[in-house]
$ cat target31.txt   # compact mmCIF, C-alpha atoms
# COMPACT_ATOMS: atom_id res chain seq x y z
CA MET A 1 131.75 -31.17 -64.83
CA LYS A 2 131.26 -29.49 -61.47
CA LYS A 3 127.62 -28.73 -62.32
CA GLN A 4 127.04 -32.37 -63.29
CA VAL A 5 128.43 -33.61 -59.97
CA LEU A 6 126.24 -31.15 -58.03
CA PHE A 7 123.20 -32.15 -60.10
CA ILE A 8 123.83 -35.85 -59.46
CA ALA A 9 124.37 -35.23 -55.73
CA ALA A 10 121.12 -33.27 -55.52
CA LEU A 11 119.28 -35.99 -57.43
CA VAL A 12 120.61 -38.69 -55.08
CA CYS A 13 119.52 -36.66 -52.04
CA MET A 14 116.03 -36.23 -53.45
CA MET A 15 115.76 -39.94 -54.21
CA MET A 16 116.89 -40.90 -50.71
CA GLN A 17 114.38 -38.49 -49.18
CA SER A 18 111.53 -39.90 -51.25
CA VAL A 19 112.48 -43.49 -50.36
CA SER A 20 112.65 -42.65 -46.65
CA SER A 21 109.21 -41.06 -46.84
CA PHE A 22 107.86 -44.46 -47.85
CA ALA A 23 108.83 -45.80 -44.41
CA ASN A 24 105.60 -45.60 -42.45
CA ASP A 25 105.55 -47.29 -39.05
CA ARG A 26 102.28 -46.83 -37.22
CA ILE A 27 100.15 -48.40 -34.53
CA ILE A 28 97.11 -50.22 -35.90
CA ASN A 29 94.00 -51.86 -34.49
CA SER A 30 94.33 -55.64 -34.16
CA ALA A 31 91.34 -55.96 -36.51
CA GLN A 32 93.61 -54.61 -39.27
CA LEU A 33 95.95 -57.59 -39.03
CA PRO A 34 95.79 -60.22 -41.78
CA ALA A 35 93.40 -63.08 -40.95
CA ASP A 36 96.25 -65.63 -40.90
CA ALA A 37 98.14 -63.55 -38.33
CA LYS A 38 95.11 -63.36 -36.04
CA THR A 39 94.51 -67.12 -36.38
CA PHE A 40 98.20 -67.83 -35.64
CA ILE A 41 98.08 -65.77 -32.45
CA GLN A 42 94.87 -67.43 -31.25
CA LYS A 43 96.22 -70.95 -31.85
CA THR A 44 99.83 -70.42 -30.78
CA PHE A 45 99.29 -68.10 -27.81
CA PRO A 46 95.89 -69.09 -26.37
CA GLY A 47 94.69 -66.80 -23.60
CA GLN A 48 97.02 -63.97 -24.61
CA THR A 49 95.70 -60.66 -25.84
CA ILE A 50 97.26 -58.25 -28.28
CA ALA A 51 98.70 -55.31 -26.34
CA TYR A 52 99.30 -53.44 -29.59
CA ALA A 53 100.18 -54.01 -33.21
CA GLU A 54 102.31 -52.04 -35.64
CA LEU A 55 102.21 -51.80 -39.41
CA ASP A 56 105.66 -51.23 -40.94
CA LYS A 57 105.44 -50.07 -44.54
CA GLU A 58 108.69 -49.70 -46.36
CA PHE A 59 109.56 -49.09 -49.99
CA LEU A 60 109.20 -52.72 -51.10
CA SER A 61 107.73 -54.52 -48.10
CA THR A 62 104.98 -54.50 -45.54
CA THR A 63 105.32 -56.23 -42.18
CA TYR A 64 103.33 -56.41 -38.97
CA GLU A 65 104.77 -56.46 -35.46
CA VAL A 66 102.42 -57.74 -32.75
CA HIS A 67 103.12 -57.29 -29.04
CA LEU A 68 101.24 -59.66 -26.76
CA SER A 69 100.14 -59.19 -23.15
CA ASN A 70 102.75 -61.72 -21.92
CA GLY A 71 105.60 -59.71 -23.48
CA ALA A 72 106.03 -61.89 -26.55
CA GLU A 73 106.56 -60.23 -29.93
CA VAL A 74 105.60 -61.79 -33.25
CA SER A 75 106.48 -60.46 -36.71
CA PHE A 76 104.41 -61.28 -39.77
CA ASP A 77 104.79 -60.66 -43.49
CA LYS A 78 102.05 -58.87 -45.43
CA ALA A 79 100.14 -62.15 -45.94
CA GLY A 80 100.11 -62.92 -42.20
CA ASN A 81 102.81 -65.63 -42.18
CA TRP A 82 104.97 -65.53 -39.06
CA ASP A 83 108.55 -64.54 -39.60
CA LYS A 84 109.95 -64.07 -36.09
CA VAL A 85 108.80 -64.95 -32.57
CA GLU A 86 110.54 -63.50 -29.55
CA CYS A 87 109.32 -64.56 -26.12
CA ASN A 88 112.02 -62.80 -24.08
CA CYS A 89 111.58 -64.46 -20.66
CA SER A 90 109.80 -67.65 -21.66
CA ALA A 91 110.21 -70.41 -24.22
CA VAL A 92 108.95 -70.10 -27.78
CA PRO A 93 105.97 -72.45 -28.28
CA GLN A 94 107.36 -75.88 -29.20
CA GLN A 95 105.33 -76.24 -32.38
CA LEU A 96 107.29 -73.33 -33.93
CA VAL A 97 110.70 -74.95 -33.48
CA PRO A 98 111.53 -77.53 -36.16
CA THR A 99 112.13 -80.99 -34.68
CA ALA A 100 115.79 -81.17 -35.74
CA ILE A 101 116.52 -77.85 -34.04
CA ALA A 102 114.61 -78.82 -30.89
CA ASN A 103 116.55 -82.10 -30.72
CA TYR A 104 119.88 -80.31 -31.18
CA VAL A 105 119.11 -77.84 -28.40
CA LYS A 106 117.84 -80.59 -26.07
CA THR A 107 121.00 -82.67 -26.67
CA HIS A 108 123.64 -79.94 -26.53
CA TYR A 109 122.03 -77.36 -24.22
CA PRO A 110 119.61 -79.35 -22.04
CA LYS A 111 119.15 -76.64 -19.40
CA THR A 112 118.11 -73.96 -21.89
CA SER A 113 115.08 -73.14 -23.99
CA VAL A 114 114.55 -71.37 -27.30
CA VAL A 115 113.40 -67.82 -26.51
CA LYS A 116 113.60 -66.42 -30.05
CA ILE A 117 113.27 -67.95 -33.51
CA ASP A 118 113.65 -66.02 -36.74
CA LYS A 119 112.99 -67.48 -40.20
CA GLU A 120 115.64 -66.52 -42.73
CA ARG A 121 116.16 -67.42 -46.39
CA TYR A 122 118.83 -69.96 -45.49
CA GLY A 123 117.06 -71.41 -42.45
CA PHE A 124 116.62 -70.20 -38.86
CA ASP A 125 118.29 -67.94 -36.33
CA VAL A 126 117.64 -69.16 -32.80
CA GLU A 127 118.44 -67.55 -29.47
CA LEU A 128 118.58 -69.63 -26.31
CA SER A 129 117.71 -68.63 -22.76
CA ASN A 130 121.46 -68.43 -21.99
CA ASN A 131 121.79 -65.73 -24.75
CA LEU A 132 123.61 -68.09 -27.10
CA GLU A 133 122.73 -67.52 -30.76
CA LEU A 134 122.60 -70.48 -33.15
CA LYS A 135 122.12 -70.50 -36.91
CA PHE A 136 120.58 -73.51 -38.65
CA ASN A 137 120.03 -74.28 -42.31
CA SER A 138 116.57 -75.16 -43.64
CA LYS A 139 117.15 -78.84 -42.77
CA GLY A 140 117.79 -77.98 -39.12
CA GLN A 141 121.55 -78.57 -39.30
CA LEU A 142 123.75 -76.25 -37.28
CA ILE A 143 125.66 -73.79 -39.44
CA ARG A 144 127.19 -71.47 -36.87
CA ILE A 145 127.26 -70.57 -33.21
CA GLY A 146 127.22 -66.86 -32.41
CA ASP A 147 126.92 -63.96 -34.81
$ encode --input "target31.txt" --output "structure tokens"
Amino acid sequence: MKKQVLFIAALVCMMMQSVSSFANDRIINSAQLPADAKTFIQKTFPGQTIAYAELDKEFLSTTYEVHLSNGAEVSFDKAGNWDKVECNCSAVPQQLVPTAIANYVKTHYPKTSVVKIDKERYGFDVELSNNLELKFNSKGQLIRIGD
């Protein structure tokens, strides 16, 4: 019994080590980004250049993180579809914020702007310039304020 437990523990450790070795985060040339990601950046952030880009390879997923010259960060899935946009000190481009969410923010928090938007399975996570976090469903209806 003791040998079986030790064998299982060793097997689990080996599996965890092999899974963690799949994680491969590295800086890439912007030419290595998917075409849709490059097009998105050109259309959504005209005049901005890519400071650097990262390729994040994990066991079951591949994502790209792009850092722009104005400080904005954009995450893409392996096909080049945007997943998260974080503009830190400025507003997220309006065309990325669904109309219902933009209207809610304008009505309830008129002196703020959306500085981060993150697509989730259920809808969107949004952060405002006053650091308030809002969660919306896919129809743009508020689900929760805060974490």
$ closest_residue --input "target31.txt" --among "A:Asn70, A:Asn131, A:Thr63, A:Ser30" --to "Asp83 (chain A)" --atoms "all atoms listed in the file"
A:Thr63
$ atom_distance --input "target31.txt" --atom1 "CA of Ile101 (chain A)" --atom2 "CA of Ala53 (chain A)"
28.9 Å
$ atom_distance --input "target31.txt" --atom1 "CA of Ser113 (chain A)" --atom2 "CA of Val97 (chain A)"
10.6 Å
$ atom_distance --input "target31.txt" --atom1 "CA of Ala35 (chain A)" --atom2 "CA of Lys116 (chain A)"
23.2 Å
$ residues_around --input "target31.txt" --residues "Ile50 (chain A)" --least-positions-apart "4" --cutoff "8 Å" --atoms "all atoms listed in the file" --output "list in words"
Ser30, Val66, His67, Leu68 and Ser69 of chain A
$ write_last_selection --input "target31.txt" --atoms "C-alpha atoms" --output "PDB file, in the coordinates of the input"
ATOM      1  CA  SER A  30      94.330 -55.640 -34.160  1.00  0.00           C
ATOM      2  CA  VAL A  66     102.420 -57.740 -32.750  1.00  0.00           C
ATOM      3  CA  HIS A  67     103.120 -57.290 -29.040  1.00  0.00           C
ATOM      4  CA  LEU A  68     101.240 -59.660 -26.760  1.00  0.00           C
ATOM      5  CA  SER A  69     100.140 -59.190 -23.150  1.00  0.00           C
TER       6      SER A  69
END
$ closest_residue --input "target31.txt" --among "A:Ala31, A:Leu132, A:Ala37, A:Ala102" --to "Asn81 (chain A)" --atoms "all atoms listed in the file"
A:Ala37
$ residues_near_point --input "target31.txt" --point "(102.7, -62.3, -36.1)" --cutoff "10 Å" --atoms "all atoms listed in the file" --output "JSON, numbers by chain"
{"A": [33, 34, 36, 37, 38, 39, 40, 41, 53, 63, 64, 65, 66, 67, 68, 73, 74, 75, 76, 77, 78, 80, 81, 82, 83, 84, 85]}
$ write_last_selection --input "target31.txt" --atoms "C-alpha atoms" --output "PDB file, in the frame of the given file"
ATOM      1  CA  LEU A  33      95.950 -57.590 -39.030  1.00  0.00           C
ATOM      2  CA  PRO A  34      95.790 -60.220 -41.780  1.00  0.00           C
ATOM      3  CA  ASP A  36      96.250 -65.630 -40.900  1.00  0.00           C
ATOM      4  CA  ALA A  37      98.140 -63.550 -38.330  1.00  0.00           C
ATOM      5  CA  LYS A  38      95.110 -63.360 -36.040  1.00  0.00           C
ATOM      6  CA  THR A  39      94.510 -67.120 -36.380  1.00  0.00           C
ATOM      7  CA  PHE A  40      98.200 -67.830 -35.640  1.00  0.00           C
ATOM      8  CA  ILE A  41      98.080 -65.770 -32.450  1.00  0.00           C
ATOM      9  CA  ALA A  53     100.180 -54.010 -33.210  1.00  0.00           C
ATOM     10  CA  THR A  63     105.320 -56.230 -42.180  1.00  0.00           C
ATOM     11  CA  TYR A  64     103.330 -56.410 -38.970  1.00  0.00           C
ATOM     12  CA  GLU A  65     104.770 -56.460 -35.460  1.00  0.00           C
ATOM     13  CA  VAL A  66     102.420 -57.740 -32.750  1.00  0.00           C
ATOM     14  CA  HIS A  67     103.120 -57.290 -29.040  1.00  0.00           C
ATOM     15  CA  LEU A  68     101.240 -59.660 -26.760  1.00  0.00           C
ATOM     16  CA  GLU A  73     106.560 -60.230 -29.930  1.00  0.00           C
ATOM     17  CA  VAL A  74     105.600 -61.790 -33.250  1.00  0.00           C
ATOM     18  CA  SER A  75     106.480 -60.460 -36.710  1.00  0.00           C
ATOM     19  CA  PHE A  76     104.410 -61.280 -39.770  1.00  0.00           C
ATOM     20  CA  ASP A  77     104.790 -60.660 -43.490  1.00  0.00           C
ATOM     21  CA  LYS A  78     102.050 -58.870 -45.430  1.00  0.00           C
ATOM     22  CA  GLY A  80     100.110 -62.920 -42.200  1.00  0.00           C
ATOM     23  CA  ASN A  81     102.810 -65.630 -42.180  1.00  0.00           C
ATOM     24  CA  TRP A  82     104.970 -65.530 -39.060  1.00  0.00           C
ATOM     25  CA  ASP A  83     108.550 -64.540 -39.600  1.00  0.00           C
ATOM     26  CA  LYS A  84     109.950 -64.070 -36.090  1.00  0.00           C
ATOM     27  CA  VAL A  85     108.800 -64.950 -32.570  1.00  0.00           C
TER      28      VAL A  85
END
$ residues_around --input "target31.txt" --residues "Leu142 (chain A)" --least-positions-apart "2" --cutoff "12 Å" --atoms "only C-alpha atoms" --output "PyMOL selection string"
chain A and resi 100-105+108+122-126+133-140+144-146
$ residues_around --input "target31.txt" --residues "Asp25 (chain A)" --least-positions-apart "6" --cutoff "9 Å" --atoms "all atoms listed in the file" --output "PyMOL selection string"
chain A and resi 54-58
$ build_atoms --input "target31.txt" --residues "region 58-91 of chain A" --atoms "N, CA and C atoms" --output "PDB file, keeping the file's coordinate frame"
ATOM      1  N   GLU A  58     107.450 -50.189 -45.805  1.00  0.00           N
ATOM      2  CA  GLU A  58     108.690 -49.700 -46.360  1.00  0.00           C
ATOM      3  C   GLU A  58     108.555 -49.683 -47.871  1.00  0.00           C
ATOM      4  N   PHE A  59     109.595 -49.274 -48.548  1.00  0.00           N
ATOM      5  CA  PHE A  59     109.560 -49.090 -49.990  1.00  0.00           C
ATOM      6  C   PHE A  59     109.045 -50.338 -50.711  1.00  0.00           C
ATOM      7  N   LEU A  60     109.581 -51.505 -50.381  1.00  0.00           N
ATOM      8  CA  LEU A  60     109.200 -52.720 -51.100  1.00  0.00           C
ATOM      9  C   LEU A  60     108.560 -53.790 -50.214  1.00  0.00           C
ATOM     10  N   SER A  61     108.288 -53.472 -48.959  1.00  0.00           N
ATOM     11  CA  SER A  61     107.730 -54.520 -48.100  1.00  0.00           C
ATOM     12  C   SER A  61     106.757 -53.938 -47.079  1.00  0.00           C
ATOM     13  N   THR A  62     105.913 -54.817 -46.605  1.00  0.00           N
ATOM     14  CA  THR A  62     104.980 -54.500 -45.540  1.00  0.00           C
ATOM     15  C   THR A  62     105.071 -55.613 -44.513  1.00  0.00           C
ATOM     16  N   THR A  63     105.267 -55.237 -43.247  1.00  0.00           N
ATOM     17  CA  THR A  63     105.320 -56.230 -42.180  1.00  0.00           C
ATOM     18  C   THR A  63     104.463 -55.749 -41.013  1.00  0.00           C
ATOM     19  N   TYR A  64     104.104 -56.700 -40.166  1.00  0.00           N
ATOM     20  CA  TYR A  64     103.330 -56.410 -38.970  1.00  0.00           C
ATOM     21  C   TYR A  64     104.125 -56.884 -37.771  1.00  0.00           C
ATOM     22  N   GLU A  65     104.124 -56.102 -36.720  1.00  0.00           N
ATOM     23  CA  GLU A  65     104.770 -56.460 -35.460  1.00  0.00           C
ATOM     24  C   GLU A  65     103.687 -56.465 -34.404  1.00  0.00           C
ATOM     25  N   VAL A  66     103.475 -57.609 -33.751  1.00  0.00           N
ATOM     26  CA  VAL A  66     102.420 -57.740 -32.750  1.00  0.00           C
ATOM     27  C   VAL A  66     103.059 -57.969 -31.387  1.00  0.00           C
ATOM     28  N   HIS A  67     102.630 -57.187 -30.413  1.00  0.00           N
ATOM     29  CA  HIS A  67     103.120 -57.290 -29.040  1.00  0.00           C
ATOM     30  C   HIS A  67     101.997 -57.844 -28.191  1.00  0.00           C
ATOM     31  N   LEU A  68     102.270 -58.970 -27.541  1.00  0.00           N
ATOM     32  CA  LEU A  68     101.240 -59.660 -26.760  1.00  0.00           C
ATOM     33  C   LEU A  68     101.313 -59.275 -25.283  1.00  0.00           C
ATOM     34  N   SER A  69     100.252 -59.563 -24.554  1.00  0.00           N
ATOM     35  CA  SER A  69     100.140 -59.190 -23.150  1.00  0.00           C
ATOM     36  C   SER A  69     101.193 -59.884 -22.269  1.00  0.00           C
ATOM     37  N   ASN A  70     101.726 -61.028 -22.704  1.00  0.00           N
ATOM     38  CA  ASN A  70     102.750 -61.720 -21.920  1.00  0.00           C
ATOM     39  C   ASN A  70     104.163 -61.262 -22.252  1.00  0.00           C
ATOM     40  N   GLY A  71     104.288 -60.241 -23.120  1.00  0.00           N
ATOM     41  CA  GLY A  71     105.600 -59.710 -23.480  1.00  0.00           C
ATOM     42  C   GLY A  71     106.176 -60.288 -24.754  1.00  0.00           C
ATOM     43  N   ALA A  72     105.543 -61.285 -25.309  1.00  0.00           N
ATOM     44  CA  ALA A  72     106.030 -61.890 -26.550  1.00  0.00           C
ATOM     45  C   ALA A  72     105.802 -60.925 -27.722  1.00  0.00           C
ATOM     46  N   GLU A  73     106.689 -61.032 -28.713  1.00  0.00           N
ATOM     47  CA  GLU A  73     106.560 -60.230 -29.930  1.00  0.00           C
ATOM     48  C   GLU A  73     106.581 -61.179 -31.117  1.00  0.00           C
ATOM     49  N   VAL A  74     105.680 -60.947 -32.064  1.00  0.00           N
ATOM     50  CA  VAL A  74     105.600 -61.790 -33.250  1.00  0.00           C
ATOM     51  C   VAL A  74     105.595 -60.876 -34.473  1.00  0.00           C
ATOM     52  N   SER A  75     106.444 -61.201 -35.445  1.00  0.00           N
ATOM     53  CA  SER A  75     106.480 -60.460 -36.710  1.00  0.00           C
ATOM     54  C   SER A  75     105.841 -61.297 -37.796  1.00  0.00           C
ATOM     55  N   PHE A  76     105.088 -60.628 -38.665  1.00  0.00           N
ATOM     56  CA  PHE A  76     104.410 -61.280 -39.770  1.00  0.00           C
ATOM     57  C   PHE A  76     104.717 -60.561 -41.073  1.00  0.00           C
ATOM     58  N   ASP A  77     104.683 -61.302 -42.180  1.00  0.00           N
ATOM     59  CA  ASP A  77     104.790 -60.660 -43.490  1.00  0.00           C
ATOM     60  C   ASP A  77     103.421 -60.120 -43.871  1.00  0.00           C
ATOM     61  N   LYS A  78     103.310 -59.522 -45.046  1.00  0.00           N
ATOM     62  CA  LYS A  78     102.050 -58.870 -45.430  1.00  0.00           C
ATOM     63  C   LYS A  78     100.892 -59.854 -45.582  1.00  0.00           C
ATOM     64  N   ALA A  79     101.197 -61.141 -45.797  1.00  0.00           N
ATOM     65  CA  ALA A  79     100.140 -62.150 -45.940  1.00  0.00           C
ATOM     66  C   ALA A  79      99.709 -62.723 -44.585  1.00  0.00           C
ATOM     67  N   GLY A  80     100.461 -62.401 -43.518  1.00  0.00           N
ATOM     68  CA  GLY A  80     100.110 -62.920 -42.200  1.00  0.00           C
ATOM     69  C   GLY A  80     100.880 -64.162 -41.802  1.00  0.00           C
ATOM     70  N   ASN A  81     101.959 -64.492 -42.530  1.00  0.00           N
ATOM     71  CA  ASN A  81     102.810 -65.630 -42.180  1.00  0.00           C
ATOM     72  C   ASN A  81     103.847 -65.176 -41.155  1.00  0.00           C
ATOM     73  N   TRP A  82     104.015 -65.948 -40.077  1.00  0.00           N
ATOM     74  CA  TRP A  82     104.970 -65.530 -39.060  1.00  0.00           C
ATOM     75  C   TRP A  82     106.383 -65.596 -39.611  1.00  0.00           C
ATOM     76  N   ASP A  83     107.179 -64.693 -39.126  1.00  0.00           N
ATOM     77  CA  ASP A  83     108.550 -64.540 -39.600  1.00  0.00           C
ATOM     78  C   ASP A  83     109.516 -64.599 -38.429  1.00  0.00           C
ATOM     79  N   LYS A  84     109.095 -64.060 -37.271  1.00  0.00           N
ATOM     80  CA  LYS A  84     109.950 -64.070 -36.090  1.00  0.00           C
ATOM     81  C   LYS A  84     109.065 -64.107 -34.854  1.00  0.00           C
ATOM     82  N   VAL A  85     109.492 -64.898 -33.858  1.00  0.00           N
ATOM     83  CA  VAL A  85     108.800 -64.950 -32.570  1.00  0.00           C
ATOM     84  C   VAL A  85     109.855 -64.771 -31.492  1.00  0.00           C
ATOM     85  N   GLU A  86     109.620 -63.794 -30.636  1.00  0.00           N
ATOM     86  CA  GLU A  86     110.540 -63.500 -29.550  1.00  0.00           C
ATOM     87  C   GLU A  86     109.750 -63.494 -28.250  1.00  0.00           C
ATOM     88  N   CYS A  87     110.080 -64.437 -27.363  1.00  0.00           N
ATOM     89  CA  CYS A  87     109.320 -64.560 -26.120  1.00  0.00           C
ATOM     90  C   CYS A  87     110.056 -63.994 -24.908  1.00  0.00           C
ATOM     91  N   ASN A  88     111.235 -63.468 -25.113  1.00  0.00           N
ATOM     92  CA  ASN A  88     112.020 -62.800 -24.080  1.00  0.00           C
ATOM     93  C   ASN A  88     112.283 -63.669 -22.855  1.00  0.00           C
ATOM     94  N   CYS A  89     111.344 -63.760 -21.927  1.00  0.00           N
ATOM     95  CA  CYS A  89     111.580 -64.460 -20.660  1.00  0.00           C
ATOM     96  C   CYS A  89     111.014 -65.869 -20.606  1.00  0.00           C
ATOM     97  N   SER A  90     110.365 -66.303 -21.657  1.00  0.00           N
ATOM     98  CA  SER A  90     109.800 -67.650 -21.660  1.00  0.00           C
ATOM     99  C   SER A  90     110.164 -68.351 -22.970  1.00  0.00           C
ATOM    100  N   ALA A  91     109.869 -69.623 -23.030  1.00  0.00           N
ATOM    101  CA  ALA A  91     110.210 -70.410 -24.220  1.00  0.00           C
ATOM    102  C   ALA A  91     109.237 -70.136 -25.371  1.00  0.00           C
TER     103      ALA A  91
END
